[in-house]
file data-v4.pdb (PDB, C-alpha atoms and all ligand atoms)
ATOM      1  CA  MET L   1    -117.428 -14.726 -32.541
ATOM      2  CA  ASP L   2    -114.508 -12.553 -33.336
ATOM      3  CA  PHE L   3    -115.335  -9.638 -35.615
ATOM      4  CA  VAL L   4    -112.056  -7.870 -35.040
ATOM      5  CA  THR L   5    -110.708  -6.626 -38.325
ATOM      6  CA  ARG L   6    -107.141  -7.521 -38.991
ATOM      7  CA  GLY L   7    -105.021  -6.142 -41.722
ATOM      8  CA  PHE L   8    -102.972  -3.395 -40.244
ATOM      9  CA  GLN L   9     -99.590  -3.762 -38.646
ATOM     10  CA  GLY L  10     -99.267  -4.161 -34.946
ATOM     11  CA  ARG L  11    -102.632  -5.609 -34.035
ATOM     12  CA  PRO L  12    -102.070  -8.667 -31.881
ATOM     13  CA  ARG L  13    -103.262 -11.822 -33.490
ATOM     14  CA  GLY L  14    -106.110 -13.730 -31.872
ATOM     15  CA  ARG L  15    -105.452 -16.884 -29.873
ATOM     16  CA  ASP L  16    -106.526 -19.127 -32.720
ATOM     17  CA  ASP L  17    -104.127 -17.441 -35.099
ATOM     18  CA  ARG L  18    -101.333 -17.995 -32.638
ATOM     19  CA  LEU L  19    -101.786 -21.755 -32.386
ATOM     20  CA  PRO L  20     -99.760 -23.692 -34.971
ATOM     21  CA  PRO L  21    -101.349 -26.727 -36.650
ATOM     22  CA  GLY L  22    -101.748 -29.778 -34.441
ATOM     23  CA  GLN L  23    -101.130 -27.870 -31.198
ATOM     24  CA  TYR L  24    -103.380 -27.366 -28.167
ATOM     25  CA  LEU L  25    -103.201 -24.592 -25.574
ATOM     26  CA  THR L  26    -102.064 -25.267 -22.052
ATOM     27  CA  GLY L  27    -101.855 -23.022 -19.025
ATOM     28  CA  ASP L  28     -99.361 -25.368 -17.386
ATOM     29  CA  PHE L  29     -95.670 -25.518 -18.065
ATOM     30  CA  PRO L  30     -94.994 -29.231 -18.616
ATOM     31  CA  VAL L  31     -91.489 -30.463 -17.846
ATOM     32  CA  LEU L  32     -89.917 -32.744 -20.435
ATOM     33  CA  SER L  33     -86.480 -34.111 -19.738
ATOM     34  CA  ALA L  34     -84.030 -36.457 -21.356
ATOM     35  CA  GLY L  35     -82.105 -36.782 -18.121
ATOM     36  CA  PRO L  36     -81.745 -35.687 -14.543
ATOM     37  CA  THR L  37     -82.255 -32.032 -13.747
ATOM     38  CA  SER L  38     -78.886 -30.312 -13.843
ATOM     39  CA  ASN L  39     -78.135 -28.196 -10.811
ATOM     40  CA  VAL L  40     -75.493 -25.759 -11.920
ATOM     41  CA  ASP L  41     -74.183 -23.278  -9.357
ATOM     42  CA  HIS L  42     -73.665 -19.703 -10.486
ATOM     43  CA  ASP L  43     -70.062 -20.032  -9.233
ATOM     44  CA  GLU L  44     -69.416 -22.905 -11.589
ATOM     45  CA  PHE L  45     -71.456 -21.608 -14.505
ATOM     46  CA  GLU L  46     -69.611 -20.637 -17.633
ATOM     47  CA  LEU L  47     -71.139 -19.926 -21.015
ATOM     48  CA  TRP L  48     -68.927 -20.398 -24.048
ATOM     49  CA  VAL L  49     -69.095 -19.695 -27.755
ATOM     50  CA  ALA L  50     -66.595 -21.536 -29.935
ATOM     51  CA  THR L  51     -66.040 -20.586 -33.539
ATOM     52  CA  GLU L  52     -65.053 -22.854 -36.418
ATOM     53  CA  ASP L  53     -61.374 -21.917 -36.012
ATOM     54  CA  GLY L  54     -61.385 -22.874 -32.341
ATOM     55  CA  THR L  55     -61.594 -19.357 -30.909
ATOM     56  CA  ARG L  56     -63.428 -19.489 -27.602
ATOM     57  CA  HIS L  57     -65.360 -16.693 -25.964
ATOM     58  CA  THR L  58     -66.537 -17.242 -22.389
ATOM     59  CA  TRP L  59     -68.784 -15.482 -19.896
ATOM     60  CA  SER L  60     -68.961 -16.152 -16.191
ATOM     61  CA  TRP L  61     -72.350 -15.807 -14.509
ATOM     62  CA  ALA L  62     -71.407 -12.295 -13.362
ATOM     63  CA  GLU L  63     -70.302 -11.369 -16.868
ATOM     64  CA  LEU L  64     -73.541 -12.698 -18.329
ATOM     65  CA  MET L  65     -75.533 -10.691 -15.769
ATOM     66  CA  ALA L  66     -73.582  -7.560 -16.716
ATOM     67  CA  LEU L  67     -74.719  -7.754 -20.344
ATOM     68  CA  PRO L  68     -77.770  -5.759 -21.435
ATOM     69  CA  ALA L  69     -80.876  -7.840 -20.726
ATOM     70  CA  GLU L  70     -84.247  -7.877 -22.402
ATOM     71  CA  THR L  71     -87.663  -8.929 -21.200
ATOM     72  CA  VAL L  72     -89.616 -10.657 -23.939
ATOM     73  CA  THR L  73     -93.128 -12.069 -24.083
ATOM     74  CA  VAL L  74     -93.430 -14.925 -26.541
ATOM     75  CA  ASP L  75     -95.501 -17.979 -27.415
ATOM     76  CA  ILE L  76     -93.810 -21.361 -27.081
ATOM     77  CA  HIS L  77     -94.661 -24.574 -28.914
ATOM     78  CA  CYS L  78     -93.574 -28.045 -27.810
ATOM     79  CA  VAL L  79     -93.313 -30.852 -30.362
ATOM     80  CA  THR L  80     -95.444 -32.980 -28.005
ATOM     81  CA  SER L  81     -98.309 -30.687 -29.077
ATOM     82  CA  TRP L  82     -98.739 -28.217 -26.233
ATOM     83  CA  SER L  83     -98.417 -24.504 -26.793
ATOM     84  CA  LYS L  84     -98.257 -21.809 -24.170
ATOM     85  CA  LEU L  85     -99.012 -18.203 -25.031
ATOM     86  CA  ASP L  86     -97.546 -15.008 -23.610
ATOM     87  CA  THR L  87     -94.685 -16.501 -21.627
ATOM     88  CA  GLU L  88     -92.407 -13.833 -20.165
ATOM     89  CA  TRP L  89     -88.652 -14.331 -20.123
ATOM     90  CA  ARG L  90     -85.633 -12.282 -19.196
ATOM     91  CA  GLY L  91     -82.263 -12.833 -20.743
ATOM     92  CA  VAL L  92     -79.541 -11.727 -23.097
ATOM     93  CA  SER L  93     -80.136 -11.592 -26.821
ATOM     94  CA  LEU L  94     -77.853 -13.801 -28.902
ATOM     95  CA  ASP L  95     -77.247 -10.673 -30.985
ATOM     96  CA  THR L  96     -75.505  -9.244 -27.934
ATOM     97  CA  LEU L  97     -73.547 -12.404 -27.138
ATOM     98  CA  LEU L  98     -72.407 -12.905 -30.714
ATOM     99  CA  ALA L  99     -71.768  -9.234 -31.515
ATOM    100  CA  ASP L 100     -67.991  -9.503 -31.239
ATOM    101  CA  VAL L 101     -67.706 -13.085 -32.478
ATOM    102  CA  GLU L 102     -66.131 -13.358 -35.896
ATOM    103  CA  THR L 103     -67.340 -16.374 -37.798
ATOM    104  CA  ALA L 104     -68.144 -17.670 -41.248
ATOM    105  CA  ALA L 105     -70.344 -20.401 -39.772
ATOM    106  CA  ASP L 106     -73.866 -21.050 -41.004
ATOM    107  CA  PHE L 107     -74.853 -23.489 -38.244
ATOM    108  CA  ALA L 108     -74.723 -23.809 -34.492
ATOM    109  CA  MET L 109     -74.713 -26.744 -32.098
ATOM    110  CA  VAL L 110     -76.008 -25.767 -28.699
ATOM    111  CA  HIS L 111     -74.569 -27.752 -25.781
ATOM    112  CA  SER L 112     -76.120 -28.233 -22.364
ATOM    113  CA  TYR L 113     -74.886 -29.239 -18.948
ATOM    114  CA  GLY L 114     -75.815 -32.917 -18.786
ATOM    115  CA  GLY L 115     -74.841 -33.567 -22.404
ATOM    116  CA  TYR L 116     -77.929 -32.547 -24.381
ATOM    117  CA  THR L 117     -77.356 -30.956 -27.791
ATOM    118  CA  THR L 118     -79.485 -29.359 -30.484
ATOM    119  CA  ASN L 119     -78.579 -27.881 -33.872
ATOM    120  CA  LEU L 120     -79.882 -24.733 -35.533
ATOM    121  CA  PRO L 121     -79.007 -22.521 -38.472
ATOM    122  CA  LEU L 122     -77.017 -19.593 -37.091
ATOM    123  CA  GLU L 123     -79.390 -17.119 -38.761
ATOM    124  CA  ASP L 124     -82.189 -18.431 -36.526
ATOM    125  CA  LEU L 125     -80.223 -17.323 -33.491
ATOM    126  CA  LEU L 126     -79.798 -13.755 -34.740
ATOM    127  CA  ASP L 127     -81.937 -10.684 -35.426
ATOM    128  CA  GLY L 128     -83.900 -10.725 -32.200
ATOM    129  CA  GLN L 129     -85.001 -14.347 -32.493
ATOM    130  CA  ALA L 130     -83.052 -16.016 -29.665
ATOM    131  CA  TRP L 131     -81.930 -15.393 -26.110
ATOM    132  CA  VAL L 132     -79.992 -16.968 -23.294
ATOM    133  CA  ALA L 133     -82.784 -16.722 -20.741
ATOM    134  CA  TYR L 134     -82.270 -16.768 -16.989
ATOM    135  CA  GLY L 135     -85.557 -15.306 -15.818
ATOM    136  CA  TYR L 136     -89.098 -16.590 -16.223
ATOM    137  CA  ASP L 137     -92.333 -14.905 -15.195
ATOM    138  CA  GLY L 138     -90.553 -12.330 -13.055
ATOM    139  CA  ASP L 139     -88.412 -14.868 -11.195
ATOM    140  CA  ASP L 140     -85.176 -16.761 -11.590
ATOM    141  CA  LEU L 141     -85.516 -19.568 -14.112
ATOM    142  CA  ARG L 142     -85.934 -22.730 -12.048
ATOM    143  CA  PRO L 143     -83.702 -25.755 -12.678
ATOM    144  CA  GLU L 144     -86.529 -27.984 -13.936
ATOM    145  CA  HIS L 145     -87.220 -25.415 -16.641
ATOM    146  CA  GLY L 146     -83.564 -25.124 -17.578
ATOM    147  CA  GLY L 147     -82.124 -22.710 -15.023
ATOM    148  CA  PRO L 148     -79.793 -21.152 -14.317
ATOM    149  CA  ALA L 149     -79.933 -20.381 -18.036
ATOM    150  CA  ARG L 150     -81.483 -21.908 -21.124
ATOM    151  CA  LEU L 151     -81.644 -21.089 -24.766
ATOM    152  CA  LEU L 152     -84.913 -19.501 -25.901
ATOM    153  CA  VAL L 153     -85.766 -19.776 -29.593
ATOM    154  CA  PRO L 154     -89.542 -19.440 -29.541
ATOM    155  CA  HIS L 155     -90.131 -19.569 -33.297
ATOM    156  CA  LEU L 156     -88.985 -23.209 -33.405
ATOM    157  CA  TYR L 157     -90.304 -26.247 -31.513
ATOM    158  CA  PHE L 158     -89.198 -26.016 -27.918
ATOM    159  CA  TRP L 159     -86.704 -28.908 -28.018
ATOM    160  CA  LYS L 160     -84.462 -26.392 -29.807
ATOM    161  CA  SER L 161     -84.590 -24.163 -26.713
ATOM    162  CA  ALA L 162     -81.987 -26.199 -24.863
ATOM    163  CA  LYS L 163     -82.205 -26.237 -21.073
ATOM    164  CA  TRP L 164     -79.080 -25.733 -18.932
ATOM    165  CA  VAL L 165     -77.216 -24.131 -21.801
ATOM    166  CA  ARG L 166     -73.448 -24.095 -21.470
ATOM    167  CA  GLY L 167     -72.081 -23.482 -24.934
ATOM    168  CA  ILE L 168     -72.697 -22.650 -28.551
ATOM    169  CA  GLU L 169     -70.462 -24.288 -31.134
ATOM    170  CA  LEU L 170     -70.430 -22.463 -34.459
ATOM    171  CA  MET L 171     -70.068 -24.814 -37.427
ATOM    172  CA  LEU L 172     -69.537 -24.531 -41.160
ATOM    173  CA  GLU L 173     -71.586 -27.686 -41.773
ATOM    174  CA  ASP L 174     -74.847 -28.773 -40.187
ATOM    175  CA  SER L 175     -74.778 -31.697 -37.797
ATOM    176  CA  PRO L 176     -77.713 -33.303 -35.955
ATOM    177  CA  GLY L 177     -78.254 -32.856 -32.220
ATOM    178  CA  PHE L 178     -79.701 -35.185 -29.578
ATOM    179  CA  TRP L 179     -83.234 -35.546 -30.951
ATOM    180  CA  GLU L 180     -82.375 -34.598 -34.513
ATOM    181  CA  GLN L 181     -80.255 -37.784 -34.682
ATOM    182  CA  LEU L 182     -83.234 -39.910 -33.806
ATOM    183  CA  GLY L 183     -86.102 -39.105 -36.114
ATOM    184  CA  TYR L 184     -86.916 -35.522 -35.205
ATOM    185  CA  HIS L 185     -86.861 -32.793 -37.811
ATOM    186  CA  ASP L 186     -83.613 -30.953 -38.449
ATOM    187  CA  TYR L 187     -85.265 -27.496 -38.373
ATOM    188  CA  GLY L 188     -88.519 -27.831 -36.417
ATOM    189  CA  ASP L 189     -90.799 -25.021 -37.604
ATOM    190  CA  PRO L 190     -94.103 -25.395 -35.733
ATOM    191  CA  TRP L 191     -96.013 -23.434 -38.392
ATOM    192  CA  ARG L 192     -94.977 -26.001 -41.019
ATOM    193  CA  GLU L 193     -95.465 -28.807 -38.491
ATOM    194  CA  GLN L 194     -91.901 -30.036 -38.926
ATOM    195  CA  ARG L 195     -91.956 -32.570 -36.109
ATOM    196  CA  TYR L 196     -90.233 -35.564 -37.705
ATOM    197  CA  GLN L 197     -87.770 -36.161 -40.488
ATOM    198  CA  GLY L 198     -89.592 -35.971 -43.782
ATOM    199  CA  ASP L 199     -92.274 -33.562 -42.473
TER     200      ASP L 199
ATOM    201  CA  MET S   1     -69.827 -28.291 -12.720
ATOM    202  CA  THR S   2     -72.952 -30.356 -13.021
ATOM    203  CA  ILE S   3     -74.155 -32.116  -9.930
ATOM    204  CA  PRO S   4     -76.447 -34.893 -11.021
ATOM    205  CA  ASP S   5     -79.193 -35.692  -8.535
ATOM    206  CA  GLY S   6     -77.410 -38.975  -7.824
ATOM    207  CA  PRO S   7     -77.942 -41.569 -10.470
ATOM    208  CA  GLY S   8     -81.518 -41.507 -11.420
ATOM    209  CA  PRO S   9     -83.755 -40.327  -8.583
ATOM    210  CA  THR S  10     -85.462 -37.882 -10.933
ATOM    211  CA  ALA S  11     -86.133 -40.575 -13.539
ATOM    212  CA  ALA S  12     -89.843 -41.192 -13.535
ATOM    213  CA  TYR S  13     -89.600 -44.646 -15.103
ATOM    214  CA  ASP S  14     -87.497 -47.762 -15.443
ATOM    215  CA  GLY S  15     -86.624 -49.752 -18.545
ATOM    216  CA  ASN S  16     -89.864 -51.675 -18.609
ATOM    217  CA  LEU S  17     -91.352 -48.604 -20.267
ATOM    218  CA  MET S  18     -89.191 -49.463 -23.285
ATOM    219  CA  ALA S  19     -90.810 -52.858 -23.749
ATOM    220  CA  GLY S  20     -93.590 -51.497 -25.967
ATOM    221  CA  PRO S  21     -91.645 -49.642 -28.649
ATOM    222  CA  LEU S  22     -88.785 -52.138 -28.564
ATOM    223  CA  SER S  23     -91.171 -55.043 -29.134
ATOM    224  CA  GLU S  24     -91.782 -53.517 -32.544
ATOM    225  CA  LEU S  25     -88.080 -53.992 -33.297
ATOM    226  CA  PHE S  26     -87.105 -57.224 -31.567
ATOM    227  CA  ALA S  27     -88.882 -60.550 -31.587
ATOM    228  CA  LEU S  28     -88.008 -61.061 -27.948
ATOM    229  CA  ASP S  29     -88.503 -59.363 -24.619
ATOM    230  CA  VAL S  30     -85.621 -56.950 -24.764
ATOM    231  CA  THR S  31     -86.125 -55.765 -21.189
ATOM    232  CA  VAL S  32     -84.243 -58.904 -20.051
ATOM    233  CA  ALA S  33     -81.326 -58.143 -22.366
ATOM    234  CA  VAL S  34     -78.135 -57.017 -20.650
ATOM    235  CA  VAL S  35     -76.401 -53.926 -21.979
ATOM    236  CA  ARG S  36     -72.816 -52.994 -21.188
ATOM    237  CA  CYS S  37     -72.232 -49.281 -20.585
ATOM    238  CA  ARG S  38     -69.634 -47.697 -22.834
ATOM    239  CA  GLY S  39     -68.957 -45.110 -20.145
ATOM    240  CA  CYS S  40     -68.390 -47.121 -16.971
ATOM    241  CA  GLY S  41     -68.354 -50.716 -18.210
ATOM    242  CA  ALA S  42     -71.160 -51.839 -15.922
ATOM    243  CA  ASP S  43     -73.717 -54.384 -17.066
ATOM    244  CA  ALA S  44     -77.380 -53.610 -16.605
ATOM    245  CA  GLU S  45     -80.571 -55.361 -17.541
ATOM    246  CA  VAL S  46     -82.591 -53.074 -19.813
ATOM    247  CA  ALA S  47     -85.442 -53.247 -17.288
ATOM    248  CA  THR S  48     -83.212 -51.601 -14.680
ATOM    249  CA  LEU S  49     -82.283 -48.546 -16.738
ATOM    250  CA  ARG S  50     -83.325 -45.106 -15.488
ATOM    251  CA  VAL S  51     -85.767 -43.990 -18.134
ATOM    252  CA  TYR S  52     -86.782 -40.426 -18.974
ATOM    253  CA  GLY S  53     -89.635 -39.546 -21.271
ATOM    254  CA  PRO S  54     -91.802 -40.886 -22.744
ATOM    255  CA  GLU S  55     -91.877 -37.727 -24.884
ATOM    256  CA  PRO S  56     -90.211 -36.599 -27.087
ATOM    257  CA  GLY S  57     -88.524 -40.003 -26.805
ATOM    258  CA  LEU S  58     -87.400 -42.622 -24.297
ATOM    259  CA  VAL S  59     -83.937 -42.097 -22.878
ATOM    260  CA  GLY S  60     -82.514 -45.002 -20.891
ATOM    261  CA  ARG S  61     -79.603 -44.124 -18.646
ATOM    262  CA  CYS S  62     -77.040 -46.313 -16.900
ATOM    263  CA  PRO S  63     -78.024 -47.076 -13.291
ATOM    264  CA  GLY S  64     -74.318 -46.834 -12.441
ATOM    265  CA  CYS S  65     -73.105 -43.633 -14.121
ATOM    266  CA  ASP S  66     -76.196 -41.988 -15.672
ATOM    267  CA  ASP S  67     -74.757 -41.998 -19.197
ATOM    268  CA  VAL S  68     -77.267 -42.387 -22.025
ATOM    269  CA  LEU S  69     -77.330 -46.067 -23.055
ATOM    270  CA  VAL S  70     -80.471 -46.509 -25.135
ATOM    271  CA  ARG S  71     -82.740 -44.044 -26.902
ATOM    272  CA  VAL S  72     -85.980 -44.946 -28.628
ATOM    273  CA  VAL S  73     -88.240 -42.637 -30.615
ATOM    274  CA  ARG S  74     -91.541 -43.753 -32.070
ATOM    275  CA  THR S  75     -92.463 -41.459 -34.942
ATOM    276  CA  PRO S  76     -95.795 -41.899 -36.750
ATOM    277  CA  ASP S  77     -94.266 -44.384 -39.184
ATOM    278  CA  ALA S  78     -90.995 -45.669 -37.707
ATOM    279  CA  VAL S  79     -89.136 -46.742 -34.605
ATOM    280  CA  TRP S  80     -85.694 -45.171 -34.167
ATOM    281  CA  LEU S  81     -83.182 -46.877 -31.907
ATOM    282  CA  ASP S  82     -79.831 -45.605 -30.701
ATOM    283  CA  LEU S  83     -77.547 -47.996 -28.862
ATOM    284  CA  GLY S  84     -74.487 -45.758 -29.160
ATOM    285  CA  GLY S  85     -73.966 -45.740 -25.405
ATOM    286  CA  VAL S  86     -73.540 -49.477 -25.102
ATOM    287  CA  THR S  87     -70.674 -51.708 -26.165
ATOM    288  CA  SER S  88     -72.782 -54.860 -26.255
ATOM    289  CA  LEU S  89     -76.302 -56.163 -25.948
ATOM    290  CA  GLN S  90     -76.545 -59.658 -24.521
ATOM    291  CA  VAL S  91     -79.734 -61.625 -24.957
ATOM    292  CA  PRO S  92     -80.542 -64.977 -23.300
ATOM    293  CA  ALA S  93     -80.796 -67.677 -25.979
ATOM    294  CA  PRO S  94     -81.598 -71.408 -25.985
ATOM    295  CA  LYS S  95     -78.565 -73.614 -25.239
ATOM    296  CA  ARG S  96     -77.067 -75.289 -28.277
TER     297      ARG S  96
HETATM  298 ZN    ZN J 201     -72.387 -46.492 -16.914
END
call {"tool": "encode", "arguments": {"input": "data-v4.pdb", "output": "structure tokens"}}
result
Amino acid sequence: MDFVTRGFQGRPRGRDDRLPPGQYLTGDFPVLSAGPTSNVDHDEFELWVATEDGTRHTWSWAELMALPAETVTVDIHCVTSWSKLDTEWRGVSLDTLLADVETAADFAMVHSYGGYTTNLPLEDLLDGQAWVAYGYDGDDLRPEHGGPARLLVPHLYFWKSAKWVRGIELMLEDSPGFWEQLGYHDYGDPWREQRYQGD
Amino acid sequence: MTIPDGPGPTAAYDGNLMAGPLSELFALDVTVAVVRCRGCGADAEVATLRVYGPEPGLVGRCPGCDDVLVRVVRTPDAVWLDLGGVTSLQVPAPKR
């Protein structure tokens, strides 16, 4: 039994507290794909951010690598019910990428190599909640897990953490992405079990 | 630039995996239906699609160009179907 007293800031929560409703723990890292694994060379890689007025900001792989990076340890939750605790990623905070981007947008559509898309409120990408991740567990992020770079938004179901990220389109109005068009929840908060539309 | 692994070698399934959820929608075996790809114009029997999934949903891709042709999601209380990648769905029917 766990007699650890909680109630002051900073104490890590126990494993049970870290598992959202309807989820089970896995030590594996299952691969879910809606298409073939994209193999994107660093030479060809370009990350873009487009604002609602059409302004485009781009980063080559070298430019992305030159940005300040963070190593973060987070729990991830897949809508197919697995959760994985204490995953370690390295990447660039969206706060850094979007620092010089002027926008009035409230929403973002994230685009992947291979055509996948997912939509999020812009505020969920800011304030230390999202990264463009290119490292996993001390290594380069492998293609089957979304390398060379993927979005990482651990507080939402993992389909929002688009693999093979290539661009972020900032939008004034919300618009559904690949799975959000087809029955999945628009927001996808694992703690409110927002798996499907109407949840 | 994206280099697909050739059309479909990483697809774990073919279109027969779609028979189950699609049978809840259609009163016929839709795996023998022929879909025409909006991207490349090729015809393909649903059973021959390169299918990814089954979770979070089934994604059937064109055996010719790998575009998404058919998507099916089974939520707890509904079946969602997207045929946006096809221009037509042709189903064998009794002669009249
Ligand atoms: Zn095609």
call {"tool": "closest_atom_pairs", "arguments": {"input": "data-v4.pdb", "of": "chain L", "to": "chain S", "cutoff": "10 Å", "atoms": "only C-alpha atoms", "output": "CSV"}}
result
residue,atom,partner,partner_atom,distance
L:Val31,CA,S:Gly53,CA,9.9
L:Leu32,CA,S:Gly53,CA,6.9
L:Ser33,CA,S:Tyr52,CA,6.4
L:Ala34,CA,S:Tyr52,CA,5.4
L:Gly35,CA,S:Tyr52,CA,6.0
L:Pro36,CA,S:Thr10,CA,5.6
L:Thr37,CA,S:Pro4,CA,7.0
L:Ser38,CA,S:Pro4,CA,5.9
L:Asn39,CA,S:Ile3,CA,5.7
L:Val40,CA,S:Thr2,CA,5.4
L:Asp41,CA,S:Met1,CA,7.4
L:His42,CA,S:Met1,CA,9.7
L:Asp43,CA,S:Met1,CA,9.0
L:Glu44,CA,S:Met1,CA,5.5
L:Phe45,CA,S:Met1,CA,7.1
L:Glu46,CA,S:Met1,CA,9.1
L:Cys78,CA,S:Pro56,CA,9.2
L:Val79,CA,S:Pro56,CA,7.3
L:Thr80,CA,S:Pro56,CA,6.4
L:Tyr113,CA,S:Thr2,CA,6.3
L:Gly114,CA,S:Thr2,CA,6.9
L:Gly115,CA,S:Asp67,CA,9.0
L:Trp159,CA,S:Pro56,CA,8.5
L:Trp164,CA,S:Thr2,CA,9.7
L:Phe178,CA,S:Arg71,CA,9.7
L:Trp179,CA,S:Pro56,CA,8.0
L:Gln181,CA,S:Asp82,CA,8.8
L:Leu182,CA,S:Trp80,CA,5.8
L:Gly183,CA,S:Trp80,CA,6.4
L:Tyr184,CA,S:Thr75,CA,8.1
L:Arg195,CA,S:Thr75,CA,9.0
L:Tyr196,CA,S:Thr75,CA,6.9
L:Gln197,CA,S:Thr75,CA,9.0
call {"tool": "resolve_selection", "arguments": {"input": "data-v4.pdb", "expression": "the PyMOL selection byres (((not hetatm)) within 12 of (chain J and resi 201))", "output": "MDAnalysis selection string"}}
result
chainID S and resid 7:8 35:44 49:50 60:70 85:87
call {"tool": "write_last_selection", "arguments": {"input": "data-v4.pdb", "atoms": "C-alpha atoms", "output": "mmCIF file, in the frame of the given file"}}
result
data_model
loop_
_atom_site.group_PDB
_atom_site.id
_atom_site.type_symbol
_atom_site.label_atom_id
_atom_site.label_comp_id
_atom_site.auth_asym_id
_atom_site.auth_seq_id
_atom_site.Cartn_x
_atom_site.Cartn_y
_atom_site.Cartn_z
ATOM 1 C CA PRO S 7 -77.942 -41.569 -10.470
ATOM 2 C CA GLY S 8 -81.518 -41.507 -11.420
ATOM 3 C CA VAL S 35 -76.401 -53.926 -21.979
ATOM 4 C CA ARG S 36 -72.816 -52.994 -21.188
ATOM 5 C CA CYS S 37 -72.232 -49.281 -20.585
ATOM 6 C CA ARG S 38 -69.634 -47.697 -22.834
ATOM 7 C CA GLY S 39 -68.957 -45.110 -20.145
ATOM 8 C CA CYS S 40 -68.390 -47.121 -16.971
ATOM 9 C CA GLY S 41 -68.354 -50.716 -18.210
ATOM 10 C CA ALA S 42 -71.160 -51.839 -15.922
ATOM 11 C CA ASP S 43 -73.717 -54.384 -17.066
ATOM 12 C CA ALA S 44 -77.380 -53.610 -16.605
ATOM 13 C CA LEU S 49 -82.283 -48.546 -16.738
ATOM 14 C CA ARG S 50 -83.325 -45.106 -15.488
ATOM 15 C CA GLY S 60 -82.514 -45.002 -20.891
ATOM 16 C CA ARG S 61 -79.603 -44.124 -18.646
ATOM 17 C CA CYS S 62 -77.040 -46.313 -16.900
ATOM 18 C CA PRO S 63 -78.024 -47.076 -13.291
ATOM 19 C CA GLY S 64 -74.318 -46.834 -12.441
ATOM 20 C CA CYS S 65 -73.105 -43.633 -14.121
ATOM 21 C CA ASP S 66 -76.196 -41.988 -15.672
ATOM 22 C CA ASP S 67 -74.757 -41.998 -19.197
ATOM 23 C CA VAL S 68 -77.267 -42.387 -22.025
ATOM 24 C CA LEU S 69 -77.330 -46.067 -23.055
ATOM 25 C CA VAL S 70 -80.471 -46.509 -25.135
ATOM 26 C CA GLY S 85 -73.966 -45.740 -25.405
ATOM 27 C CA VAL S 86 -73.540 -49.477 -25.102
ATOM 28 C CA THR S 87 -70.674 -51.708 -26.165
#
call {"tool": "residues_around", "arguments": {"input": "data-v4.pdb", "residues": "stretch 185-189 of chain L", "least_positions_apart": "6", "cutoff": "12 Å", "atoms": "all atoms listed in the file", "output": "PyMOL selection string"}}
result
(chain L and resi 20-21+76-79+107-109+118-124+153-161+174-179+195-199) or (chain S and resi 56+75)
call {"tool": "write_last_selection", "arguments": {"input": "data-v4.pdb", "atoms": "C-alpha atoms", "output": "CSV table (one decimal), keeping the file's coordinate frame"}}
result
chain,number,residue,atom,x,y,z
L,20,PRO,CA,-99.8,-23.7,-35.0
L,21,PRO,CA,-101.3,-26.7,-36.6
L,76,ILE,CA,-93.8,-21.4,-27.1
L,77,HIS,CA,-94.7,-24.6,-28.9
L,78,CYS,CA,-93.6,-28.0,-27.8
L,79,VAL,CA,-93.3,-30.9,-30.4
L,107,PHE,CA,-74.9,-23.5,-38.2
L,108,ALA,CA,-74.7,-23.8,-34.5
L,109,MET,CA,-74.7,-26.7,-32.1
L,118,THR,CA,-79.5,-29.4,-30.5
L,119,ASN,CA,-78.6,-27.9,-33.9
L,120,LEU,CA,-79.9,-24.7,-35.5
L,121,PRO,CA,-79.0,-22.5,-38.5
L,122,LEU,CA,-77.0,-19.6,-37.1
L,123,GLU,CA,-79.4,-17.1,-38.8
L,124,ASP,CA,-82.2,-18.4,-36.5
L,153,VAL,CA,-85.8,-19.8,-29.6
L,154,PRO,CA,-89.5,-19.4,-29.5
L,155,HIS,CA,-90.1,-19.6,-33.3
L,156,LEU,CA,-89.0,-23.2,-33.4
L,157,TYR,CA,-90.3,-26.2,-31.5
L,158,PHE,CA,-89.2,-26.0,-27.9
L,159,TRP,CA,-86.7,-28.9,-28.0
L,160,LYS,CA,-84.5,-26.4,-29.8
L,161,SER,CA,-84.6,-24.2,-26.7
L,174,ASP,CA,-74.8,-28.8,-40.2
L,175,SER,CA,-74.8,-31.7,-37.8
L,176,PRO,CA,-77.7,-33.3,-36.0
L,177,GLY,CA,-78.3,-32.9,-32.2
L,178,PHE,CA,-79.7,-35.2,-29.6
L,179,TRP,CA,-83.2,-35.5,-31.0
L,195,ARG,CA,-92.0,-32.6,-36.1
L,196,TYR,CA,-90.2,-35.6,-37.7
L,197,GLN,CA,-87.8,-36.2,-40.5
L,198,GLY,CA,-89.6,-36.0,-43.8
L,199,ASP,CA,-92.3,-33.6,-42.5
S,56,PRO,CA,-90.2,-36.6,-27.1
S,75,THR,CA,-92.5,-41.5,-34.9
call {"tool": "atom_distance", "arguments": {"input": "data-v4.pdb", "atom1": "atom CA of L:Trp61", "atom2": "atom CA of L:Gly128"}}
result
21.7 Å
call {"tool": "closest_residue", "arguments": {"input": "data-v4.pdb", "among": "L:Glu169, L:Glu63, L:Glu88, L:Asp140", "to": "L:Val110", "atoms": "all atoms listed in the file"}}
result
L:Glu169
call {"tool": "resolve_selection", "arguments": {"input": "data-v4.pdb", "expression": "the PyMOL selection byres (((chain L and resi 25) around 8) and not hetatm)", "output": "number ranges by chain"}}
result
L: 19, 23-24, 26-27, 82-85
call {"tool": "resolve_selection", "arguments": {"input": "data-v4.pdb", "expression": "the PyMOL selection byres (((chain L and resi 137) around 12) and not hetatm)", "output": "VMD selection string"}}
result
chain L and resid 29 71 to 74 86 to 91 133 to 136 138 to 142 145
call {"tool": "closest_residue", "arguments": {"input": "data-v4.pdb", "among": "L:Leu172, L:Leu94, L:Ser81, L:Leu64", "to": "L:Leu151", "atoms": "only C-alpha atoms"}}
result
L:Leu94
call {"tool": "closest_residue", "arguments": {"input": "data-v4.pdb", "among": "L:Ser112, L:Leu125, L:Thr103, L:Asp17", "to": "L:Ala162", "atoms": "all atoms listed in the file"}}
result
L:Ser112
